[in-house]
Structure formats: structure tokens, C-alpha cells
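run.cif, holding mmCIF, N, CA and C atoms and all ligand atoms:
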data_final
loop_
_atom_site.label_atom_id
_atom_site.label_comp_id
_atom_site.auth_asym_id
_atom_site.auth_seq_id
_atom_site.Cartn_x
_atom_site.Cartn_y
_atom_site.Cartn_z
N MET A 1 0.84 -1.19 0.00
CA MET A 1 0.00 0.00 0.00
C MET A 1 0.87 1.24 0.00
N ASN A 2 0.51 2.19 -0.86
CA ASN A 2 1.24 3.45 -0.89
C ASN A 2 0.49 4.50 -0.11
N ASN A 3 1.20 5.25 0.66
CA ASN A 3 0.61 6.41 1.31
C ASN A 3 1.01 7.64 0.53
N ILE A 4 0.02 8.34 0.01
CA ILE A 4 0.29 9.53 -0.80
C ILE A 4 -0.18 10.76 -0.04
N PHE A 5 0.69 11.73 0.06
CA PHE A 5 0.37 12.97 0.76
C PHE A 5 0.39 14.11 -0.25
N THR A 6 -0.66 14.85 -0.34
CA THR A 6 -0.71 15.98 -1.27
C THR A 6 -0.55 17.29 -0.50
N ILE A 7 0.42 18.06 -0.91
CA ILE A 7 0.69 19.33 -0.25
C ILE A 7 0.74 20.43 -1.32
N PRO A 8 -0.12 21.43 -1.22
CA PRO A 8 -0.11 22.50 -2.22
C PRO A 8 1.26 23.19 -2.27
N ASN A 9 1.68 23.57 -3.48
CA ASN A 9 2.96 24.26 -3.64
C ASN A 9 2.81 25.26 -4.78
N ASP A 10 2.87 26.55 -4.45
CA ASP A 10 2.65 27.58 -5.46
C ASP A 10 3.97 28.11 -6.05
N LYS A 11 5.07 27.42 -5.79
CA LYS A 11 6.37 27.92 -6.26
C LYS A 11 6.95 27.11 -7.41
N LEU A 12 6.20 26.09 -7.85
CA LEU A 12 6.78 25.17 -8.83
C LEU A 12 7.08 25.82 -10.17
N ASP A 13 6.36 26.89 -10.51
CA ASP A 13 6.61 27.56 -11.79
C ASP A 13 7.68 28.65 -11.68
N MET A 14 8.22 28.84 -10.49
CA MET A 14 9.28 29.84 -10.33
C MET A 14 10.62 29.22 -10.70
N HIS A 15 11.52 30.04 -11.21
CA HIS A 15 12.83 29.52 -11.61
C HIS A 15 13.99 30.29 -11.00
N GLU A 16 13.68 31.44 -10.42
CA GLU A 16 14.76 32.24 -9.86
C GLU A 16 14.44 32.63 -8.43
N CYS A 17 15.50 32.82 -7.64
CA CYS A 17 15.34 33.34 -6.29
C CYS A 17 16.54 34.24 -5.99
N PRO A 18 16.40 35.14 -5.01
CA PRO A 18 17.43 36.16 -4.83
C PRO A 18 18.62 35.74 -3.97
N LEU A 19 18.46 34.63 -3.22
CA LEU A 19 19.42 34.36 -2.15
C LEU A 19 19.75 32.88 -2.04
N VAL A 20 20.98 32.60 -1.67
CA VAL A 20 21.35 31.25 -1.25
C VAL A 20 21.90 31.34 0.16
N VAL A 21 21.50 30.39 1.01
CA VAL A 21 21.88 30.39 2.42
C VAL A 21 22.68 29.13 2.72
N ILE A 22 23.74 29.26 3.52
CA ILE A 22 24.33 28.08 4.13
C ILE A 22 24.27 28.24 5.64
N LYS A 23 23.70 27.25 6.30
CA LYS A 23 23.47 27.27 7.74
C LYS A 23 23.78 25.90 8.32
N CYS A 24 23.83 25.85 9.65
CA CYS A 24 24.08 24.57 10.32
C CYS A 24 22.86 23.65 10.24
N ILE A 25 23.11 22.36 10.30
CA ILE A 25 21.99 21.41 10.27
C ILE A 25 21.20 21.39 11.57
N ASP A 26 21.71 21.95 12.64
CA ASP A 26 21.14 21.82 13.99
C ASP A 26 19.63 22.09 14.00
N PHE A 27 18.87 21.07 14.37
CA PHE A 27 17.40 21.15 14.32
C PHE A 27 16.84 22.27 15.19
N ARG A 28 17.55 22.63 16.24
CA ARG A 28 17.04 23.63 17.18
C ARG A 28 16.89 25.00 16.53
N PHE A 29 17.61 25.22 15.44
CA PHE A 29 17.65 26.56 14.84
C PHE A 29 16.92 26.63 13.49
N ARG A 30 16.40 25.48 13.03
CA ARG A 30 15.83 25.46 11.68
C ARG A 30 14.69 26.46 11.52
N GLN A 31 13.77 26.45 12.45
CA GLN A 31 12.59 27.31 12.31
C GLN A 31 12.94 28.78 12.48
N THR A 32 13.72 29.10 13.50
CA THR A 32 14.05 30.52 13.73
C THR A 32 14.99 31.05 12.64
N ASP A 33 15.89 30.20 12.15
CA ASP A 33 16.74 30.64 11.03
C ASP A 33 15.88 31.03 9.83
N GLN A 34 14.87 30.20 9.55
CA GLN A 34 13.99 30.48 8.42
C GLN A 34 13.22 31.78 8.65
N GLU A 35 12.73 31.96 9.86
CA GLU A 35 12.01 33.20 10.17
C GLU A 35 12.90 34.42 10.03
N PHE A 36 14.14 34.30 10.47
CA PHE A 36 15.10 35.41 10.34
C PHE A 36 15.28 35.78 8.87
N VAL A 37 15.48 34.78 8.03
CA VAL A 37 15.72 35.05 6.61
C VAL A 37 14.47 35.66 5.97
N GLU A 38 13.30 35.14 6.33
CA GLU A 38 12.07 35.61 5.70
C GLU A 38 11.61 36.95 6.28
N ARG A 39 11.47 37.01 7.58
CA ARG A 39 10.86 38.20 8.21
C ARG A 39 11.84 39.33 8.41
N CYS A 40 13.06 39.00 8.81
CA CYS A 40 14.03 40.07 9.14
C CYS A 40 14.80 40.52 7.90
N LEU A 41 15.21 39.58 7.08
CA LEU A 41 15.97 39.96 5.88
C LEU A 41 15.07 40.19 4.68
N GLY A 42 13.85 39.65 4.72
CA GLY A 42 12.87 39.92 3.67
C GLY A 42 12.97 39.03 2.44
N PHE A 43 13.56 37.84 2.59
CA PHE A 43 13.65 36.92 1.45
C PHE A 43 12.67 35.77 1.64
N ASP A 44 11.62 35.74 0.81
CA ASP A 44 10.65 34.64 0.91
C ASP A 44 11.19 33.37 0.28
N ASN A 45 12.04 33.53 -0.70
CA ASN A 45 12.55 32.37 -1.43
C ASN A 45 14.07 32.36 -1.41
N PHE A 46 14.61 31.19 -1.12
CA PHE A 46 16.07 31.07 -1.13
C PHE A 46 16.47 29.61 -1.26
N ASP A 47 17.61 29.41 -1.89
CA ASP A 47 18.23 28.09 -1.91
C ASP A 47 18.86 27.85 -0.54
N LEU A 48 18.89 26.59 -0.13
CA LEU A 48 19.41 26.30 1.20
C LEU A 48 20.44 25.17 1.18
N PHE A 49 21.61 25.47 1.72
CA PHE A 49 22.60 24.44 2.04
C PHE A 49 22.65 24.32 3.55
N ALA A 50 22.55 23.10 4.06
CA ALA A 50 22.69 22.88 5.50
C ALA A 50 23.81 21.87 5.73
N TRP A 51 24.69 22.24 6.64
CA TRP A 51 25.87 21.42 6.90
C TRP A 51 26.27 21.63 8.35
N PRO A 52 26.82 20.62 9.03
CA PRO A 52 27.23 20.85 10.42
C PRO A 52 28.23 22.01 10.51
N GLY A 53 27.90 23.00 11.33
CA GLY A 53 28.78 24.17 11.47
C GLY A 53 28.62 25.18 10.36
N ALA A 54 27.52 25.13 9.61
CA ALA A 54 27.30 26.03 8.46
C ALA A 54 28.48 25.88 7.49
N ALA A 55 29.16 26.99 7.15
CA ALA A 55 30.26 26.93 6.18
C ALA A 55 31.62 26.84 6.86
N LYS A 56 31.63 26.44 8.13
CA LYS A 56 32.91 26.36 8.87
C LYS A 56 33.93 25.47 8.15
N ASP A 57 33.46 24.40 7.51
CA ASP A 57 34.41 23.48 6.87
C ASP A 57 35.13 24.09 5.67
N VAL A 58 34.66 25.24 5.21
CA VAL A 58 35.43 25.95 4.16
C VAL A 58 36.85 26.24 4.66
N LEU A 59 36.98 26.43 5.97
CA LEU A 59 38.29 26.72 6.56
C LEU A 59 39.29 25.59 6.33
N LYS A 60 38.79 24.37 6.13
CA LYS A 60 39.69 23.24 5.87
C LYS A 60 40.31 23.32 4.48
N ASN A 61 39.73 24.18 3.66
CA ASN A 61 40.26 24.40 2.31
C ASN A 61 40.39 23.09 1.54
N ASN A 62 39.38 22.26 1.63
CA ASN A 62 39.44 20.94 0.98
C ASN A 62 38.28 20.78 -0.01
N GLY A 63 37.89 19.54 -0.26
CA GLY A 63 36.85 19.25 -1.23
C GLY A 63 35.49 19.82 -0.88
N PHE A 64 35.24 20.02 0.42
CA PHE A 64 33.97 20.64 0.79
C PHE A 64 33.87 22.03 0.18
N LYS A 65 34.92 22.81 0.34
CA LYS A 65 34.93 24.17 -0.21
C LYS A 65 34.75 24.12 -1.73
N THR A 66 35.48 23.22 -2.38
CA THR A 66 35.40 23.10 -3.83
C THR A 66 33.98 22.78 -4.28
N SER A 67 33.38 21.77 -3.64
CA SER A 67 32.02 21.36 -4.02
C SER A 67 31.01 22.47 -3.72
N PHE A 68 31.13 23.07 -2.57
CA PHE A 68 30.19 24.13 -2.20
C PHE A 68 30.22 25.26 -3.25
N ILE A 69 31.42 25.68 -3.58
CA ILE A 69 31.55 26.76 -4.58
C ILE A 69 30.99 26.32 -5.93
N GLU A 70 31.29 25.10 -6.31
CA GLU A 70 30.78 24.60 -7.61
C GLU A 70 29.26 24.63 -7.66
N TYR A 71 28.61 24.16 -6.56
CA TYR A 71 27.15 24.12 -6.57
C TYR A 71 26.53 25.51 -6.47
N VAL A 72 27.15 26.38 -5.71
CA VAL A 72 26.64 27.75 -5.65
C VAL A 72 26.70 28.38 -7.03
N VAL A 73 27.83 28.19 -7.71
CA VAL A 73 28.01 28.81 -9.02
C VAL A 73 27.08 28.16 -10.06
N ALA A 74 27.04 26.82 -10.08
CA ALA A 74 26.28 26.14 -11.13
C ALA A 74 24.77 26.21 -10.90
N VAL A 75 24.33 25.97 -9.67
CA VAL A 75 22.90 25.85 -9.42
C VAL A 75 22.29 27.17 -8.92
N SER A 76 22.78 27.64 -7.78
CA SER A 76 22.15 28.85 -7.21
C SER A 76 22.37 30.07 -8.09
N ARG A 77 23.60 30.21 -8.56
CA ARG A 77 23.90 31.35 -9.41
C ARG A 77 23.46 31.10 -10.85
N GLY A 78 23.90 29.94 -11.38
CA GLY A 78 23.66 29.65 -12.80
C GLY A 78 22.19 29.45 -13.13
N LEU A 79 21.49 28.65 -12.35
CA LEU A 79 20.09 28.35 -12.65
C LEU A 79 19.12 29.32 -11.97
N HIS A 80 19.37 29.58 -10.70
CA HIS A 80 18.40 30.35 -9.92
C HIS A 80 18.72 31.83 -9.84
N LYS A 81 19.86 32.22 -10.40
CA LYS A 81 20.22 33.64 -10.55
C LYS A 81 20.29 34.39 -9.22
N VAL A 82 20.77 33.75 -8.18
CA VAL A 82 20.85 34.44 -6.89
C VAL A 82 21.81 35.61 -6.97
N LYS A 83 21.50 36.63 -6.16
CA LYS A 83 22.35 37.83 -6.12
C LYS A 83 23.18 37.87 -4.84
N LYS A 84 22.74 37.11 -3.82
CA LYS A 84 23.39 37.17 -2.51
C LYS A 84 23.57 35.79 -1.90
N LEU A 85 24.62 35.69 -1.09
CA LEU A 85 24.90 34.47 -0.32
C LEU A 85 24.91 34.86 1.16
N LEU A 86 24.13 34.14 1.96
CA LEU A 86 24.11 34.38 3.40
C LEU A 86 24.87 33.27 4.11
N LEU A 87 25.88 33.66 4.88
CA LEU A 87 26.61 32.75 5.76
C LEU A 87 25.99 32.91 7.14
N LEU A 88 25.33 31.86 7.64
CA LEU A 88 24.57 31.98 8.89
C LEU A 88 25.09 31.01 9.94
N TRP A 89 25.76 31.58 10.92
CA TRP A 89 26.28 30.79 12.06
C TRP A 89 25.24 30.81 13.18
N HIS A 90 25.40 29.94 14.18
CA HIS A 90 24.47 29.98 15.31
C HIS A 90 25.16 29.71 16.63
N TRP A 91 24.55 30.22 17.68
CA TRP A 91 25.05 30.08 19.03
C TRP A 91 25.08 28.62 19.47
N ASP A 92 25.99 28.27 20.34
CA ASP A 92 26.05 26.94 20.93
C ASP A 92 26.23 25.86 19.86
N CYS A 93 27.03 26.17 18.85
CA CYS A 93 27.17 25.24 17.72
C CYS A 93 28.07 24.06 18.08
N GLY A 94 27.56 22.86 17.83
CA GLY A 94 28.30 21.64 18.15
C GLY A 94 29.61 21.52 17.37
N ALA A 95 29.68 22.16 16.21
CA ALA A 95 30.90 22.11 15.41
C ALA A 95 32.05 22.83 16.12
N TYR A 96 31.70 23.64 17.12
CA TYR A 96 32.71 24.33 17.93
C TYR A 96 32.80 23.73 19.33
N GLY A 97 32.05 22.66 19.58
CA GLY A 97 32.01 22.09 20.92
C GLY A 97 30.94 22.73 21.80
N GLY A 98 30.09 23.54 21.18
CA GLY A 98 29.02 24.20 21.93
C GLY A 98 29.53 25.37 22.75
N SER A 99 28.59 26.06 23.39
CA SER A 99 28.96 27.23 24.21
C SER A 99 29.91 26.84 25.34
N LYS A 100 29.80 25.60 25.81
CA LYS A 100 30.63 25.16 26.93
C LYS A 100 32.11 25.11 26.59
N ALA A 101 32.43 25.15 25.29
CA ALA A 101 33.83 25.15 24.87
C ALA A 101 34.48 26.53 25.04
N PHE A 102 33.66 27.52 25.37
CA PHE A 102 34.19 28.88 25.51
C PHE A 102 34.08 29.35 26.96
N SER A 103 34.99 30.21 27.35
CA SER A 103 34.97 30.67 28.74
C SER A 103 33.96 31.80 28.96
N SER A 104 33.54 32.44 27.87
CA SER A 104 32.56 33.52 28.01
C SER A 104 31.79 33.69 26.70
N ALA A 105 30.68 34.39 26.82
CA ALA A 105 29.88 34.68 25.62
C ALA A 105 30.68 35.55 24.65
N GLU A 106 31.48 36.44 25.18
CA GLU A 106 32.30 37.30 24.32
C GLU A 106 33.31 36.49 23.52
N GLU A 107 33.89 35.50 24.19
CA GLU A 107 34.87 34.66 23.51
C GLU A 107 34.20 33.84 22.40
N GLU A 108 33.01 33.34 22.71
CA GLU A 108 32.27 32.56 21.72
C GLU A 108 31.92 33.43 20.51
N LYS A 109 31.40 34.61 20.79
CA LYS A 109 31.04 35.54 19.71
C LYS A 109 32.26 35.87 18.86
N ALA A 110 33.40 36.11 19.50
CA ALA A 110 34.62 36.46 18.77
C ALA A 110 35.06 35.31 17.86
N ALA A 111 34.91 34.07 18.34
CA ALA A 111 35.31 32.91 17.53
C ALA A 111 34.44 32.82 16.28
N TYR A 112 33.14 33.00 16.44
CA TYR A 112 32.23 32.94 15.28
C TYR A 112 32.54 34.07 14.30
N LEU A 113 32.71 35.27 14.83
CA LEU A 113 32.96 36.42 13.95
C LEU A 113 34.25 36.23 13.15
N LYS A 114 35.26 35.70 13.83
CA LYS A 114 36.54 35.48 13.15
C LYS A 114 36.37 34.48 12.01
N ASP A 115 35.73 33.36 12.32
CA ASP A 115 35.57 32.32 11.30
C ASP A 115 34.68 32.78 10.15
N ILE A 116 33.58 33.44 10.47
CA ILE A 116 32.68 33.89 9.39
C ILE A 116 33.45 34.81 8.44
N SER A 117 34.24 35.70 9.01
CA SER A 117 34.89 36.66 8.13
C SER A 117 36.03 36.02 7.32
N ILE A 118 36.71 35.02 7.89
CA ILE A 118 37.73 34.30 7.10
C ILE A 118 37.06 33.52 5.97
N VAL A 119 35.95 32.85 6.31
CA VAL A 119 35.21 32.10 5.29
C VAL A 119 34.73 33.04 4.18
N LYS A 120 34.22 34.20 4.58
CA LYS A 120 33.77 35.16 3.58
C LYS A 120 34.92 35.55 2.64
N ASP A 121 36.07 35.83 3.21
CA ASP A 121 37.23 36.21 2.39
C ASP A 121 37.64 35.08 1.44
N MET A 122 37.65 33.85 1.97
CA MET A 122 38.04 32.70 1.13
C MET A 122 37.05 32.52 -0.03
N LEU A 123 35.75 32.62 0.30
CA LEU A 123 34.74 32.40 -0.75
C LEU A 123 34.72 33.54 -1.76
N SER A 124 34.92 34.75 -1.27
CA SER A 124 34.80 35.90 -2.18
C SER A 124 35.91 35.89 -3.24
N LYS A 125 37.01 35.21 -2.94
CA LYS A 125 38.08 35.11 -3.93
C LYS A 125 37.69 34.20 -5.10
N GLU A 126 36.75 33.29 -4.86
CA GLU A 126 36.44 32.29 -5.89
C GLU A 126 35.02 32.40 -6.46
N LEU A 127 34.16 33.12 -5.76
CA LEU A 127 32.79 33.28 -6.26
C LEU A 127 32.73 34.50 -7.18
N PRO A 128 31.71 34.59 -8.03
CA PRO A 128 31.58 35.77 -8.90
C PRO A 128 31.61 37.05 -8.08
N GLY A 129 32.30 38.06 -8.59
CA GLY A 129 32.52 39.29 -7.84
C GLY A 129 31.25 40.06 -7.49
N ASP A 130 30.19 39.87 -8.28
CA ASP A 130 28.97 40.62 -8.00
C ASP A 130 27.99 39.83 -7.12
N LEU A 131 28.44 38.69 -6.58
CA LEU A 131 27.61 37.95 -5.63
C LEU A 131 27.91 38.50 -4.23
N GLU A 132 26.95 39.22 -3.70
CA GLU A 132 27.16 39.84 -2.38
C GLU A 132 27.11 38.78 -1.28
N ILE A 133 28.06 38.83 -0.36
CA ILE A 133 28.07 37.86 0.74
C ILE A 133 27.65 38.56 2.03
N ILE A 134 26.60 38.03 2.65
CA ILE A 134 26.07 38.56 3.91
C ILE A 134 26.49 37.62 5.04
N MET A 135 26.90 38.19 6.17
CA MET A 135 27.30 37.37 7.31
C MET A 135 26.34 37.64 8.47
N ALA A 136 25.92 36.56 9.15
CA ALA A 136 25.04 36.74 10.30
C ALA A 136 25.21 35.57 11.26
N TYR A 137 24.82 35.80 12.51
CA TYR A 137 24.84 34.71 13.49
C TYR A 137 23.73 34.95 14.50
N SER A 138 23.34 33.90 15.16
CA SER A 138 22.34 34.02 16.22
C SER A 138 23.03 33.87 17.57
N LYS A 139 22.38 34.45 18.59
CA LYS A 139 22.96 34.49 19.93
C LYS A 139 21.80 34.40 20.91
N ILE A 140 22.04 33.72 22.03
CA ILE A 140 20.98 33.61 23.02
C ILE A 140 20.79 34.97 23.70
N GLY A 141 19.54 35.43 23.75
CA GLY A 141 19.24 36.69 24.44
C GLY A 141 18.14 36.43 25.46
N PRO A 142 17.80 37.44 26.25
CA PRO A 142 16.79 37.24 27.29
C PRO A 142 15.41 36.88 26.76
N GLN A 143 15.08 37.35 25.56
CA GLN A 143 13.74 37.09 25.02
C GLN A 143 13.72 35.95 24.00
N GLY A 144 14.89 35.42 23.67
CA GLY A 144 14.95 34.39 22.63
C GLY A 144 16.24 34.54 21.85
N LEU A 145 16.24 34.03 20.66
CA LEU A 145 17.44 34.14 19.85
C LEU A 145 17.54 35.54 19.25
N GLU A 146 18.72 36.11 19.34
CA GLU A 146 18.97 37.41 18.72
C GLU A 146 19.84 37.18 17.50
N TYR A 147 19.36 37.62 16.34
CA TYR A 147 20.11 37.47 15.10
C TYR A 147 20.83 38.77 14.78
N CYS A 148 22.10 38.66 14.49
CA CYS A 148 22.91 39.85 14.23
C CYS A 148 23.51 39.74 12.83
N VAL A 149 23.27 40.77 12.02
CA VAL A 149 23.91 40.84 10.70
C VAL A 149 25.24 41.56 10.89
N VAL A 150 26.32 40.93 10.47
CA VAL A 150 27.66 41.48 10.67
C VAL A 150 27.94 42.51 9.60
N GLU A 151 28.32 43.70 10.01
CA GLU A 151 28.64 44.77 9.04
C GLU A 151 30.07 44.66 8.58
ZN ZN B 1 25.73 24.02 14.64
#
In C-alpha cells, what does this structure look like?
Amino acid sequence: MNNIFTIPNDKLDMHECPLVVIKCIDFRFRQTDQEFVERCLGFDNFDLFAWPGAAKDVLKNNGFKTSFIEYVVAVSRGLHKVKKLLLLWHWDCGAYGGSKAFSSAEEEKAAYLKDISIVKDMLSKELPGDLEIIMAYSKIGPQGLEYCVVE
């Protein structure tokens, strides 16, 4: 017996979107990350790459970086005509050993900021020059997750 589920989808005739995102796979952040991109940044449609630690593995300068760049260029850029790439890190990321790996929130924030900006520099050397790279991360705040776009 087959179980068939029908779910309406009004995007099937679309071919382009403005943004490609790479974020961590961590289930705890999936919904709020999506809300941040849609409500705060204003992108209803975007390509999504999810990987442990977001794009942290670009720092290894290995096949992950090569493949990621190839797919961004061929699919997101080539087919979907994206104009921007969002690098989205998150608080308490297991790829860093979680918040407990840091002695303070400031130290944790500094580690993320350092890595995001190195990754941005590495990617910007190989991605098309007119593909804008946006950097952001989430942080635990008193009311919930606080998302910060890095200037
Ligand atoms: Zn993570």
C-alpha cells in the first residue's frame, strides 16, 4: 500500500530566487533561522545548504569548499540567478564544541565572527565578484534568539 500525501505548492513555476543560504543542520535553529531570513531579511525564497557548522568546513580548504563553490556557481547562481549568499552561524554550535567550549559569551562571539569573516574572504576570492556575501549569526538573548547581521 502506498501512502500519498498531497501538499499545495505555489512555487513550482518559479525559476529564480534572490538568495542562497548556508546554515548549520542543527534542528534547534531550523525554524528561527527560516524566520530570520524571511521576516528580518525579507527573502521569501532562497536556496538552502545545510551542513554541520554552516560553512565552517570551508576553513579546511578541501573538497567541501570546492564542491560548495561549484554548486553555488552552477545551481544557485547559474540556474536560480541568486544575487546574494548568506553565511549563517548559530550560538552553541556543536561544530565548535558548543557554548561550553568557551569561557565567556564574548569569547564565543569572537570565535564565530573570526571564522565567518575568514570564510567570507576565502569564498569571495572564488565566487563571482557581483555575488554579495552577507554574514550573520544568532545568539541567546533574554527574550529568545537574537540574530545579528555582521557589518
Ligand atoms: Zn551548529
Between chain A and ligand ZN 1 (chain B), at 12 Å or less, what are the per-residue closest atom pairs and their distances in Å? Count only C-alpha atoms and all ligand atoms, order by chain and rising residue number, and return it as a tab-separated table.
residue	atom	partner	partner_atom	distance
A:Ile22	CA	B:ZN1	ZN	11.4
A:Lys23	CA	B:ZN1	ZN	8.0
A:Cys24	CA	B:ZN1	ZN	4.7
A:Ile25	CA	B:ZN1	ZN	6.3
A:Asp26	CA	B:ZN1	ZN	5.1
A:Phe27	CA	B:ZN1	ZN	8.8
A:Arg28	CA	B:ZN1	ZN	9.1
A:Phe29	CA	B:ZN1	ZN	8.5
A:Arg30	CA	B:ZN1	ZN	10.4
A:Asp33	CA	B:ZN1	ZN	11.7
A:Ala50	CA	B:ZN1	ZN	9.7
A:Trp51	CA	B:ZN1	ZN	8.2
A:Pro52	CA	B:ZN1	ZN	5.5
A:Gly53	CA	B:ZN1	ZN	4.4
A:Ala54	CA	B:ZN1	ZN	6.7
A:Ala55	CA	B:ZN1	ZN	10.0
A:Lys56	CA	B:ZN1	ZN	9.5
A:Asp57	CA	B:ZN1	ZN	11.7
A:Leu88	CA	B:ZN1	ZN	9.9
A:Trp89	CA	B:ZN1	ZN	7.3
A:His90	CA	B:ZN1	ZN	6.1
A:Trp91	CA	B:ZN1	ZN	7.5
A:Asp92	CA	B:ZN1	ZN	6.9
A:Cys93	CA	B:ZN1	ZN	3.6
A:Gly94	CA	B:ZN1	ZN	5.0
A:Ala95	CA	B:ZN1	ZN	5.6
A:Tyr96	CA	B:ZN1	ZN	7.7
A:Gly97	CA	B:ZN1	ZN	9.1
A:Gly98	CA	B:ZN1	ZN	8.0
A:Ser99	CA	B:ZN1	ZN	10.6
A:Tyr112	CA	B:ZN1	ZN	11.1
A:Tyr137	CA	B:ZN1	ZN	10.8
A:Ser138	CA	B:ZN1	ZN	10.7
Got time to write the residues from that selection, N, CA and C atoms, as a short mmCIF file (atom, residue, chain, number, x, y, z; two decimals), in the coordinates of the input?
data_model
loop_
_atom_site.label_atom_id
_atom_site.label_comp_id
_atom_site.auth_asym_id
_atom_site.auth_seq_id
_atom_site.Cartn_x
_atom_site.Cartn_y
_atom_site.Cartn_z
N ILE A 22 23.74 29.26 3.52
CA ILE A 22 24.33 28.08 4.13
C ILE A 22 24.27 28.24 5.64
N LYS A 23 23.70 27.25 6.30
CA LYS A 23 23.47 27.27 7.74
C LYS A 23 23.78 25.90 8.32
N CYS A 24 23.83 25.85 9.65
CA CYS A 24 24.08 24.57 10.32
C CYS A 24 22.86 23.65 10.24
N ILE A 25 23.11 22.36 10.30
CA ILE A 25 21.99 21.41 10.27
C ILE A 25 21.20 21.39 11.57
N ASP A 26 21.71 21.95 12.64
CA ASP A 26 21.14 21.82 13.99
C ASP A 26 19.63 22.09 14.00
N PHE A 27 18.87 21.07 14.37
CA PHE A 27 17.40 21.15 14.32
C PHE A 27 16.84 22.27 15.19
N ARG A 28 17.55 22.63 16.24
CA ARG A 28 17.04 23.63 17.18
C ARG A 28 16.89 25.00 16.53
N PHE A 29 17.61 25.22 15.44
CA PHE A 29 17.65 26.56 14.84
C PHE A 29 16.92 26.63 13.49
N ARG A 30 16.40 25.48 13.03
CA ARG A 30 15.83 25.46 11.68
C ARG A 30 14.69 26.46 11.52
N ASP A 33 15.89 30.20 12.15
CA ASP A 33 16.74 30.64 11.03
C ASP A 33 15.88 31.03 9.83
N ALA A 50 22.55 23.10 4.06
CA ALA A 50 22.69 22.88 5.50
C ALA A 50 23.81 21.87 5.73
N TRP A 51 24.69 22.24 6.64
CA TRP A 51 25.87 21.42 6.90
C TRP A 51 26.27 21.63 8.35
N PRO A 52 26.82 20.62 9.03
CA PRO A 52 27.23 20.85 10.42
C PRO A 52 28.23 22.01 10.51
N GLY A 53 27.90 23.00 11.33
CA GLY A 53 28.78 24.17 11.47
C GLY A 53 28.62 25.18 10.36
N ALA A 54 27.52 25.13 9.61
CA ALA A 54 27.30 26.03 8.46
C ALA A 54 28.48 25.88 7.49
N ALA A 55 29.16 26.99 7.15
CA ALA A 55 30.26 26.93 6.18
C ALA A 55 31.62 26.84 6.86
N LYS A 56 31.63 26.44 8.13
CA LYS A 56 32.91 26.36 8.87
C LYS A 56 33.93 25.47 8.15
N ASP A 57 33.46 24.40 7.51
CA ASP A 57 34.41 23.48 6.87
C ASP A 57 35.13 24.09 5.67
N LEU A 88 25.33 31.86 7.64
CA LEU A 88 24.57 31.98 8.89
C LEU A 88 25.09 31.01 9.94
N TRP A 89 25.76 31.58 10.92
CA TRP A 89 26.28 30.79 12.06
C TRP A 89 25.24 30.81 13.18
N HIS A 90 25.40 29.94 14.18
CA HIS A 90 24.47 29.98 15.31
C HIS A 90 25.16 29.71 16.63
N TRP A 91 24.55 30.22 17.68
CA TRP A 91 25.05 30.08 19.03
C TRP A 91 25.08 28.62 19.47
N ASP A 92 25.99 28.27 20.34
CA ASP A 92 26.05 26.94 20.93
C ASP A 92 26.23 25.86 19.86
N CYS A 93 27.03 26.17 18.85
CA CYS A 93 27.17 25.24 17.72
C CYS A 93 28.07 24.06 18.08
N GLY A 94 27.56 22.86 17.83
CA GLY A 94 28.30 21.64 18.15
C GLY A 94 29.61 21.52 17.37
N ALA A 95 29.68 22.16 16.21
CA ALA A 95 30.90 22.11 15.41
C ALA A 95 32.05 22.83 16.12
N TYR A 96 31.70 23.64 17.12
CA TYR A 96 32.71 24.33 17.93
C TYR A 96 32.80 23.73 19.33
N GLY A 97 32.05 22.66 19.58
CA GLY A 97 32.01 22.09 20.92
C GLY A 97 30.94 22.73 21.80
N GLY A 98 30.09 23.54 21.18
CA GLY A 98 29.02 24.20 21.93
C GLY A 98 29.53 25.37 22.75
N SER A 99 28.59 26.06 23.39
CA SER A 99 28.96 27.23 24.21
C SER A 99 29.91 26.84 25.34
N TYR A 112 33.14 33.00 16.44
CA TYR A 112 32.23 32.94 15.28
C TYR A 112 32.54 34.07 14.30
N TYR A 137 24.82 35.80 12.51
CA TYR A 137 24.84 34.71 13.49
C TYR A 137 23.73 34.95 14.50
N SER A 138 23.34 33.90 15.16
CA SER A 138 22.34 34.02 16.22
C SER A 138 23.03 33.87 17.57
#
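What separates atom N of Leu131 (chain A) from atom C of Leu113 (chain A) is a distance of 20.7 Å.
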All strand (DSSP E or B) positions in chain A, as a PyMOL selection string
chain A and resi 19-23+46-50+84-89+132-141+144-150
What separation in Å, quoted to one decimal, exists between CA of Lys84 (chain A) and atom N of Val20 (chain A)?
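So the two atoms, CA of Lys84 (chain A) and atom N of Val20 (chain A), lie 5.2 Å apart.
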Determine, counting all atoms listed in the file, which protein, DNA and RNA residues have an atom within 8 Å of an atom of Ala136 (chain A); residues of the same chain fewer than 6 positions away are not included. Present the result as an mmCIF file with N, CA and C atoms, keeping the file's coordinate frame.
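The new file part_13.cif reads:
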data_model
loop_
_atom_site.group_PDB
_atom_site.id
_atom_site.type_symbol
_atom_site.label_atom_id
_atom_site.label_comp_id
_atom_site.auth_asym_id
_atom_site.auth_seq_id
_atom_site.Cartn_x
_atom_site.Cartn_y
_atom_site.Cartn_z
ATOM 1 N N LEU A 86 24.130 34.140 1.960
ATOM 2 C CA LEU A 86 24.110 34.380 3.400
ATOM 3 C C LEU A 86 24.870 33.270 4.110
ATOM 4 N N LEU A 87 25.880 33.660 4.880
ATOM 5 C CA LEU A 87 26.610 32.750 5.760
ATOM 6 C C LEU A 87 25.990 32.910 7.140
ATOM 7 N N LEU A 88 25.330 31.860 7.640
ATOM 8 C CA LEU A 88 24.570 31.980 8.890
ATOM 9 C C LEU A 88 25.090 31.010 9.940
ATOM 10 N N TRP A 89 25.760 31.580 10.920
ATOM 11 C CA TRP A 89 26.280 30.790 12.060
ATOM 12 C C TRP A 89 25.240 30.810 13.180
ATOM 13 N N HIS A 90 25.400 29.940 14.180
ATOM 14 C CA HIS A 90 24.470 29.980 15.310
ATOM 15 C C HIS A 90 25.160 29.710 16.630
ATOM 16 N N ILE A 116 33.580 33.440 10.470
ATOM 17 C CA ILE A 116 32.680 33.890 9.390
ATOM 18 C C ILE A 116 33.450 34.810 8.440
ATOM 19 N N TYR A 147 19.360 37.620 16.340
ATOM 20 C CA TYR A 147 20.110 37.470 15.100
ATOM 21 C C TYR A 147 20.830 38.770 14.780
ATOM 22 N N CYS A 148 22.100 38.660 14.490
ATOM 23 C CA CYS A 148 22.910 39.850 14.230
ATOM 24 C C CYS A 148 23.510 39.740 12.830
ATOM 25 N N VAL A 149 23.270 40.770 12.020
ATOM 26 C CA VAL A 149 23.910 40.840 10.700
ATOM 27 C C VAL A 149 25.240 41.560 10.890
ATOM 28 N N VAL A 150 26.320 40.930 10.470
ATOM 29 C CA VAL A 150 27.660 41.480 10.670
ATOM 30 C C VAL A 150 27.940 42.510 9.600
ATOM 31 N N GLU A 151 28.320 43.700 10.010
ATOM 32 C CA GLU A 151 28.640 44.770 9.040
ATOM 33 C C GLU A 151 30.070 44.660 8.580
#
For the atom pair CA of Ala101 (chain A) and CA of Lys60 (chain A), what is the interatomic distance in Å to one decimal place?
20.0 Å
